[in-house]
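Asker: Below is a structure I'd like to ask you about.
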Amino acid sequence: MTKKGLQLPEDFLWGGAIAAHQAEGYWDADGKGVSIADVLTAGSHEVPREITDGVIAGKNYPNHHGIYFYKTYKEDLAMMAEMGFKAFRTSIAWTRIFPNGDEDQPNEDGLAFYDEMFDTMLELGIEPVITLQHFEMPYHLVTEYGGWTNRKVIDFFENYTRVVFERYKDKVKYWITHNEISNQANQTEVSGLSDFLIWTNSGLKFAAGTTIEARQAAMYQAAHNELVASARAVRIGHEINPDFKIGAMLNVATMYPATTKPADQLAVQKARQQRDWFSDVHIRGAYPNELEKLFERTGWRSDVTDQDFIDLAAGKVDYLSISYYASSVIRAKDDDDSELDAATRWEALPNDQIKASDWGWAIDPQGLRYALNELNDLYPGLPIMIVENGFGAYDELIEKNGVKTVNDDYRMAYLGEHIAEVEKAVVNDGIPVIGYLSWAPIDIVSAGTGEMKKRYGYIYVDLDDFGEGTAKRYKKASFNWYQQVIASRGVDL
Ligand code: BGP
């Protein structure tokens with residue numbers, strides 16, 4: 001590659017990110033319980049994933065195999081080290097530690113597994129960045145308790161976090177509480193079965209015909225409980241090891257107004273507030289005014305205690321982590337005087353100014369610089385870690401000079417252009433971005449569709465959507481490219 005970027009600081013955390021349920025496989029090994037991700041069907045562009053009734057005997061759902069990372073992580077992480085990774089993000093599968101979620105005692109085999117994985121990273125000079133809940137929870141907590149709508153789950157999460165913080169206190173410094181906590185706010189409209197996110201992160205499963213109001217109330221209650229759980233985790237984590245850096249995680253899609261109409265500007269502002277109240281609670285320790293007003297009007301988020309607000313104020317995060325893939329265009333809906341909250345007042349449109357991926361995700365590198373500036377304006381000086389950014393594409397495995405590889409120029413172009421914008425944000429705009437972890441350095445199961453063919457990696461994994469294949473790993477052209485990006489600290493793009 002010939003493009004030249006600006007150089008990032010020496011201690012910048014270059015690396016990549018995956019999640020347990022999309023990679024590990026071995027969903028029932030060594031005492032692991034059934035997670036909500038284990039009962040998700042495969043999907044596609046057209047067919048959304050569904051949460052089944054939990055009967056999985058004889059089924060082959062995508063997360064059951066993942067890429068067998070449970071057994072291959074040593075070799076896979078060695079390849080990350082070969083690329084020069086400084087950091088690697090993955091999640092702990094809650095069900096390996098507490099199979100049902102409500103036990104008193106953890107599963108020692110699960111704890112030992114992550115002990116070894118984190119040791120492997122440290123031996124390779126790779127800093128672990130660990131998410132406590134990434135789109136999954138024990139399925140038992142969903143069926144028996146109603147997922148995060150139930151306050152008891154706060155206590156179960158507290159037990160879980162206390163156990164893993166104690167266990168890994170000398171191995172892991174960077175933690176993230178809930179993956180993309182902001183995304184559930186977008187999933188409350190009755191839109192068929194396409195909104196698996198709210199189900200998986202919140203453990204919510206709605207019967208057909210559930211009203212928007214009921215879904216909104218459940219979402220806000222669940223989110224409140226998650227936020228209290230996160231705040232408690234931050235406080236407990238700092239008691240266990242004051243050096244811990246515990247972060248919040250938002251999905252950030254930069255939003256542009258569809259027209260110059262004032263109603264569209266307001267719609268963008270409202271849509272942004274709908275994302276940013278999650279970070280406000282995490283970072284400022286309190287809900288913003290418009291949310292308190294909404295709850296006064298609607299009664300949503302009804303099950304709260306005085307202690308919750310003390311916990312929120314006492315559990316402010318150390319940094320903000322974000323995923324960024326695409327931007328979106330926002331238009332006010334005709335019925336924007338609805339009594340419901342912001343979610344019902346706007347809709348997202350495609351952007352005819354820029355190209356999109358094969359999955360329709362708008363490719364917008366400048367949108368990332370925009371987002372970083374926007375967040376720094378909101379929370380000046382707060383460290384930001386980019387923990388997901390990547391290009392899902394169809395790859396073709398070819399043979400070149402007797403070696404199997406993929407010519408993924410499109411991926412290098414996407415990543416290079418995004419990294420260049422991060423560099424401008426750091427070097428020119430002075431924003432404290434502390435790391436860039438691309439999604440996903442090795443091909444894994446897509447969270448959104450359950451497909452393997454939506455590939456993000458620098459490393460190709462020979463498995464298809466049905467888990468068929470050799471599972472062998474091959475370096476794509478982007479492997480050497482990213483190695484060079486890291487070695488030059490972002491100059492060679
Ligand atoms: C984020 C999730 C990841 C990941 C990524 C790409 O929302 O945090 O788990 O999967 O999106 O999405 P997909 O896998 O659907 O392409």
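Residue numbers start at 1 in each chain; chains themselves are named A, B, ... in the order of the structure tokens; ligands are numbered from 1 in the order shown.
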Using DSSP on the backbone, list every residue of segment 129-213 of chain A that comes out as helix (DSSP H, G or I), and give them as an MDAnalysis selection string.

Answerer: chainID A and resid 139:145 147:149 152:167 181:187 196:202 212:213

Asker: Let me have all residues with an atom within 6 Å of ligand 1, counting only C-alpha atoms and all ligand atoms, laid out as a list in words.

Answerer: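 Taking only C-alpha atoms and all ligand atoms into account, the residues around ligand 1 at most 6 Å away are Gly392, Ser446, Ala447, Gly448 and Thr449 of chain A.
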
Asker: Could you take the residues named above and write them with N, CA and C atoms, as a PDB file, in the first residue's frame?

Answerer:
ATOM      1  N   GLY A 392     -17.487  -6.338   6.796  1.00  0.00           N
ATOM      2  CA  GLY A 392     -18.033  -7.671   6.523  1.00  0.00           C
ATOM      3  C   GLY A 392     -18.223  -7.838   5.028  1.00  0.00           C
ATOM      4  N   SER A 446     -21.328 -14.354  12.185  1.00  0.00           N
ATOM      5  CA  SER A 446     -21.918 -13.012  12.280  1.00  0.00           C
ATOM      6  C   SER A 446     -22.959 -12.981  13.397  1.00  0.00           C
ATOM      7  N   ALA A 447     -22.912 -11.933  14.192  1.00  0.00           N
ATOM      8  CA  ALA A 447     -23.900 -11.815  15.271  1.00  0.00           C
ATOM      9  C   ALA A 447     -25.278 -11.520  14.700  1.00  0.00           C
ATOM     10  N   GLY A 448     -25.307 -10.681  13.684  1.00  0.00           N
ATOM     11  CA  GLY A 448     -26.591 -10.237  13.156  1.00  0.00           C
ATOM     12  C   GLY A 448     -27.324 -11.305  12.377  1.00  0.00           C
ATOM     13  N   THR A 449     -26.591 -12.080  11.592  1.00  0.00           N
ATOM     14  CA  THR A 449     -27.264 -13.026  10.690  1.00  0.00           C
ATOM     15  C   THR A 449     -26.929 -14.484  10.967  1.00  0.00           C
TER      16      THR A 449
END

Asker: Could you jot down the atom CA of Tyr458 of chain A to atom CA of Pro441 of chain A separation for me, Å, one decimal place?

Answerer: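 Those two atoms sit 5.2 Å apart.
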
Asker: What's the separation between atom CA of Ala229 of chain A and atom CA of Thr177 of chain A, in Å to one decimal place?

Answerer: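 Calculated distance between atom CA of Ala229 of chain A and atom CA of Thr177 of chain A is 8.7 Å.
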
Asker: Can you pull out the residues contacting Thr90 of chain A? Cut-off 8 Å, using only C-alpha atoms, and skip same-chain residues under 6 positions away; I want them as a list in words.

Answerer: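 Selected residues are Ala17, Ile18, Ala19, Ala20, Pro128, Val129, Ile130 and Thr131 of chain A.
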
Asker: Determine, using only C-alpha atoms, which residues of segment 63-95 of chain A have any atom at most 12 Å from an atom of segment 419-435 of chain A, and tabulate each with its shortest atom pair and distance in Å to one decimal place, rows ordered by chain and then rising number, as a Markdown table.

Answerer:
| residue | atom | partner | partner_atom | distance |
| --- | --- | --- | --- | --- |
| A:Phe85 | CA | A:Gly435 | CA | 11.0 |
| A:Lys86 | CA | A:Gly435 | CA | 9.2 |
| A:Ala87 | CA | A:Gly435 | CA | 8.4 |
| A:Phe88 | CA | A:Gly435 | CA | 10.5 |
| A:Arg89 | CA | A:Gly435 | CA | 11.0 |

Asker: Take atom CA of Arg301 of chain A and atom CA of Leu227 of chain A and report the distance between them in Å, one decimal.

Answerer: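 So the answer is 12.0 Å.
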
Asker: For Ile486 of chain A, work out the shell of residues within 12 Å, counting only C-alpha atoms and skipping chain neighbours fewer than 6 positions away, then give it as number ranges by chain.

Answerer: A: 5, 7-16, 80-87, 416, 419, 435-438, 479-480, 492-493

Asker: Could those residues be written to a file, using C-alpha atoms, as a PDB file, in the first residue's frame?

Answerer:
ATOM      1  CA  GLY A   5      -1.118   8.171   7.457  1.00  0.00           C
ATOM      2  CA  GLN A   7       1.667   8.360  13.265  1.00  0.00           C
ATOM      3  CA  LEU A   8      -0.087   7.328  16.466  1.00  0.00           C
ATOM      4  CA  PRO A   9       1.576   7.273  19.903  1.00  0.00           C
ATOM      5  CA  GLU A  10       3.813   4.423  20.960  1.00  0.00           C
ATOM      6  CA  ASP A  11       1.454   3.157  23.656  1.00  0.00           C
ATOM      7  CA  PHE A  12      -1.560   3.079  21.315  1.00  0.00           C
ATOM      8  CA  LEU A  13      -3.444  -0.213  21.663  1.00  0.00           C
ATOM      9  CA  TRP A  14      -3.565  -1.772  18.197  1.00  0.00           C
ATOM     10  CA  GLY A  15      -5.379  -5.048  17.844  1.00  0.00           C
ATOM     11  CA  GLY A  16      -8.657  -6.789  17.187  1.00  0.00           C
ATOM     12  CA  MET A  80      -2.486 -12.118  16.277  1.00  0.00           C
ATOM     13  CA  ALA A  81       0.909 -11.723  17.940  1.00  0.00           C
ATOM     14  CA  GLU A  82       2.567 -12.246  14.553  1.00  0.00           C
ATOM     15  CA  MET A  83       0.584  -9.252  13.280  1.00  0.00           C
ATOM     16  CA  GLY A  84       1.987  -7.263  16.198  1.00  0.00           C
ATOM     17  CA  PHE A  85      -1.220  -6.991  18.276  1.00  0.00           C
ATOM     18  CA  LYS A  86      -0.859  -4.972  21.472  1.00  0.00           C
ATOM     19  CA  ALA A  87      -4.396  -5.798  22.640  1.00  0.00           C
ATOM     20  CA  GLY A 416      -7.092   2.064   5.965  1.00  0.00           C
ATOM     21  CA  ILE A 419      -7.698   4.353  10.519  1.00  0.00           C
ATOM     22  CA  GLY A 435      -6.804   2.052  20.983  1.00  0.00           C
ATOM     23  CA  TYR A 436      -8.138   0.643  17.753  1.00  0.00           C
ATOM     24  CA  LEU A 437      -9.359  -2.947  17.803  1.00  0.00           C
ATOM     25  CA  SER A 438     -10.725  -4.022  14.454  1.00  0.00           C
ATOM     26  CA  PHE A 479      -2.780  -9.992   7.260  1.00  0.00           C
ATOM     27  CA  ASN A 480       0.571  -8.606   6.129  1.00  0.00           C
ATOM     28  CA  ASP A 492       1.774   2.770   6.135  1.00  0.00           C
ATOM     29  CA  LEU A 493      -1.849   2.434   5.205  1.00  0.00           C
TER      30      LEU A 493
END

Asker: How would you write, as a list in words, the set of residues in segment 211-304 of chain A that DSSP gives as strand (DSSP E or B)?

Answerer: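 Of segment 211-304 of chain A, the ones in strand (DSSP E or B) are Lys245, Ile246, Gly247, Ala248, Met249, Leu250, Asn251, Met255, Tyr256 and Pro257 of chain A.
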
Asker: Please produce a file of those selected residues containing N, CA and C atoms, as a PDB file, in the first residue's frame.

Answerer:
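Wrote out.pdb, looks like this:
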ATOM      1  N   LYS A 245      -9.313  -0.580  34.571  1.00  0.00           N
ATOM      2  CA  LYS A 245      -9.969   0.417  33.722  1.00  0.00           C
ATOM      3  C   LYS A 245     -11.241  -0.242  33.216  1.00  0.00           C
ATOM      4  N   ILE A 246     -12.377   0.267  33.666  1.00  0.00           N
ATOM      5  CA  ILE A 246     -13.651  -0.379  33.332  1.00  0.00           C
ATOM      6  C   ILE A 246     -14.462   0.583  32.461  1.00  0.00           C
ATOM      7  N   GLY A 247     -14.863   0.093  31.307  1.00  0.00           N
ATOM      8  CA  GLY A 247     -15.485   0.979  30.328  1.00  0.00           C
ATOM      9  C   GLY A 247     -16.922   0.644  29.994  1.00  0.00           C
ATOM     10  N   ALA A 248     -17.615   1.667  29.462  1.00  0.00           N
ATOM     11  CA  ALA A 248     -18.940   1.472  28.870  1.00  0.00           C
ATOM     12  C   ALA A 248     -18.742   1.182  27.391  1.00  0.00           C
ATOM     13  N   MET A 249     -19.771   0.677  26.726  1.00  0.00           N
ATOM     14  CA  MET A 249     -19.648   0.371  25.305  1.00  0.00           C
ATOM     15  C   MET A 249     -20.917   0.788  24.557  1.00  0.00           C
ATOM     16  N   LEU A 250     -20.720   1.660  23.577  1.00  0.00           N
ATOM     17  CA  LEU A 250     -21.833   2.157  22.756  1.00  0.00           C
ATOM     18  C   LEU A 250     -21.644   1.750  21.314  1.00  0.00           C
ATOM     19  N   ASN A 251     -22.728   1.482  20.630  1.00  0.00           N
ATOM     20  CA  ASN A 251     -22.656   1.399  19.181  1.00  0.00           C
ATOM     21  C   ASN A 251     -22.900   2.802  18.645  1.00  0.00           C
ATOM     22  N   MET A 255     -25.083  10.138  12.679  1.00  0.00           N
ATOM     23  CA  MET A 255     -26.400  10.383  12.078  1.00  0.00           C
ATOM     24  C   MET A 255     -26.438  11.734  11.398  1.00  0.00           C
ATOM     25  N   TYR A 256     -26.920  11.736  10.172  1.00  0.00           N
ATOM     26  CA  TYR A 256     -27.069  12.974   9.405  1.00  0.00           C
ATOM     27  C   TYR A 256     -28.544  13.215   9.129  1.00  0.00           C
ATOM     28  N   PRO A 257     -28.967  14.494   9.127  1.00  0.00           N
ATOM     29  CA  PRO A 257     -30.371  14.773   8.788  1.00  0.00           C
ATOM     30  C   PRO A 257     -30.640  14.553   7.297  1.00  0.00           C
TER      31      PRO A 257
END

Asker: Residues at most 9 Å from Leu204 of chain A, counting only C-alpha atoms, excluding those fewer than 5 positions away in the same chain, as a ChimeraX atom specification?

Answerer: /A:142,146-149,198-199,218-219,222

Asker: For the residues in that selection, give me C-alpha atoms as a PDB file, in the first residue's frame.

Answerer:
ATOM      1  CA  VAL A 142     -34.361 -15.585  30.547  1.00  0.00           C
ATOM      2  CA  GLY A 146     -37.392 -12.627  32.427  1.00  0.00           C
ATOM      3  CA  GLY A 147     -33.820 -11.551  31.777  1.00  0.00           C
ATOM      4  CA  TRP A 148     -32.716  -8.067  32.738  1.00  0.00           C
ATOM      5  CA  THR A 149     -36.244  -6.872  33.533  1.00  0.00           C
ATOM      6  CA  ILE A 198     -32.807  -6.630  22.496  1.00  0.00           C
ATOM      7  CA  TRP A 199     -33.461 -10.247  23.203  1.00  0.00           C
ATOM      8  CA  ALA A 218     -39.580  -3.554  29.395  1.00  0.00           C
ATOM      9  CA  MET A 219     -36.578  -2.120  27.550  1.00  0.00           C
ATOM     10  CA  ALA A 222     -34.029  -3.837  31.628  1.00  0.00           C
TER      11      ALA A 222
END

Asker: With a distance cut-off of 12 Å and only C-alpha atoms, select the neighbouring residues of Gly469 of chain A, excluding the residue or stretch itself and same-chain residues fewer than 3 positions from it, and output the selection as a list in words.

Answerer: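 Counting only C-alpha atoms, the residues come to His65, Ile67, Tyr68, Met452, Tyr460, Val461, Asp462, Leu463, Asp464, Asp465, Phe466, Lys472 and Arg473 of chain A.
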
Asker: So, counting only C-alpha atoms, which residue among A:Gly66, A:Gly285, A:Gly367, A:Gly25 is closest to Arg235 of chain A?

Answerer: A:Gly285

Asker: Could you tell me which of A:Ile97, A:Val281, A:Ile322, A:Ala487 comes closest to Val387 of chain A if we count only C-alpha atoms?

Answerer: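 Distance minimum relative to Val387 of chain A lands on A:Ile322.
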
Asker: If we count only C-alpha atoms and set the cut-off at 12 Å, which residues sit around segment 398-401 of chain A, ignoring sequence neighbours fewer than 4 positions away in its own chain? Please answer as a PyMOL selection string.

Answerer: chain A and resi 405-408+460+462+474-477

Asker: Nearest to Met137 of chain A among A:Thr200, A:Asn289, A:Thr72, A:Asn159, with distances taken over only C-alpha atoms: which residue is it?

Answerer: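 For Met137 of chain A, the nearest of the candidates is A:Thr200.
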
Asker: From the list A:Asp76, A:Asp38, A:Ser357, A:Glu103, which residue is nearest Lys59 of chain A when using only C-alpha atoms?

Answerer: A:Asp38
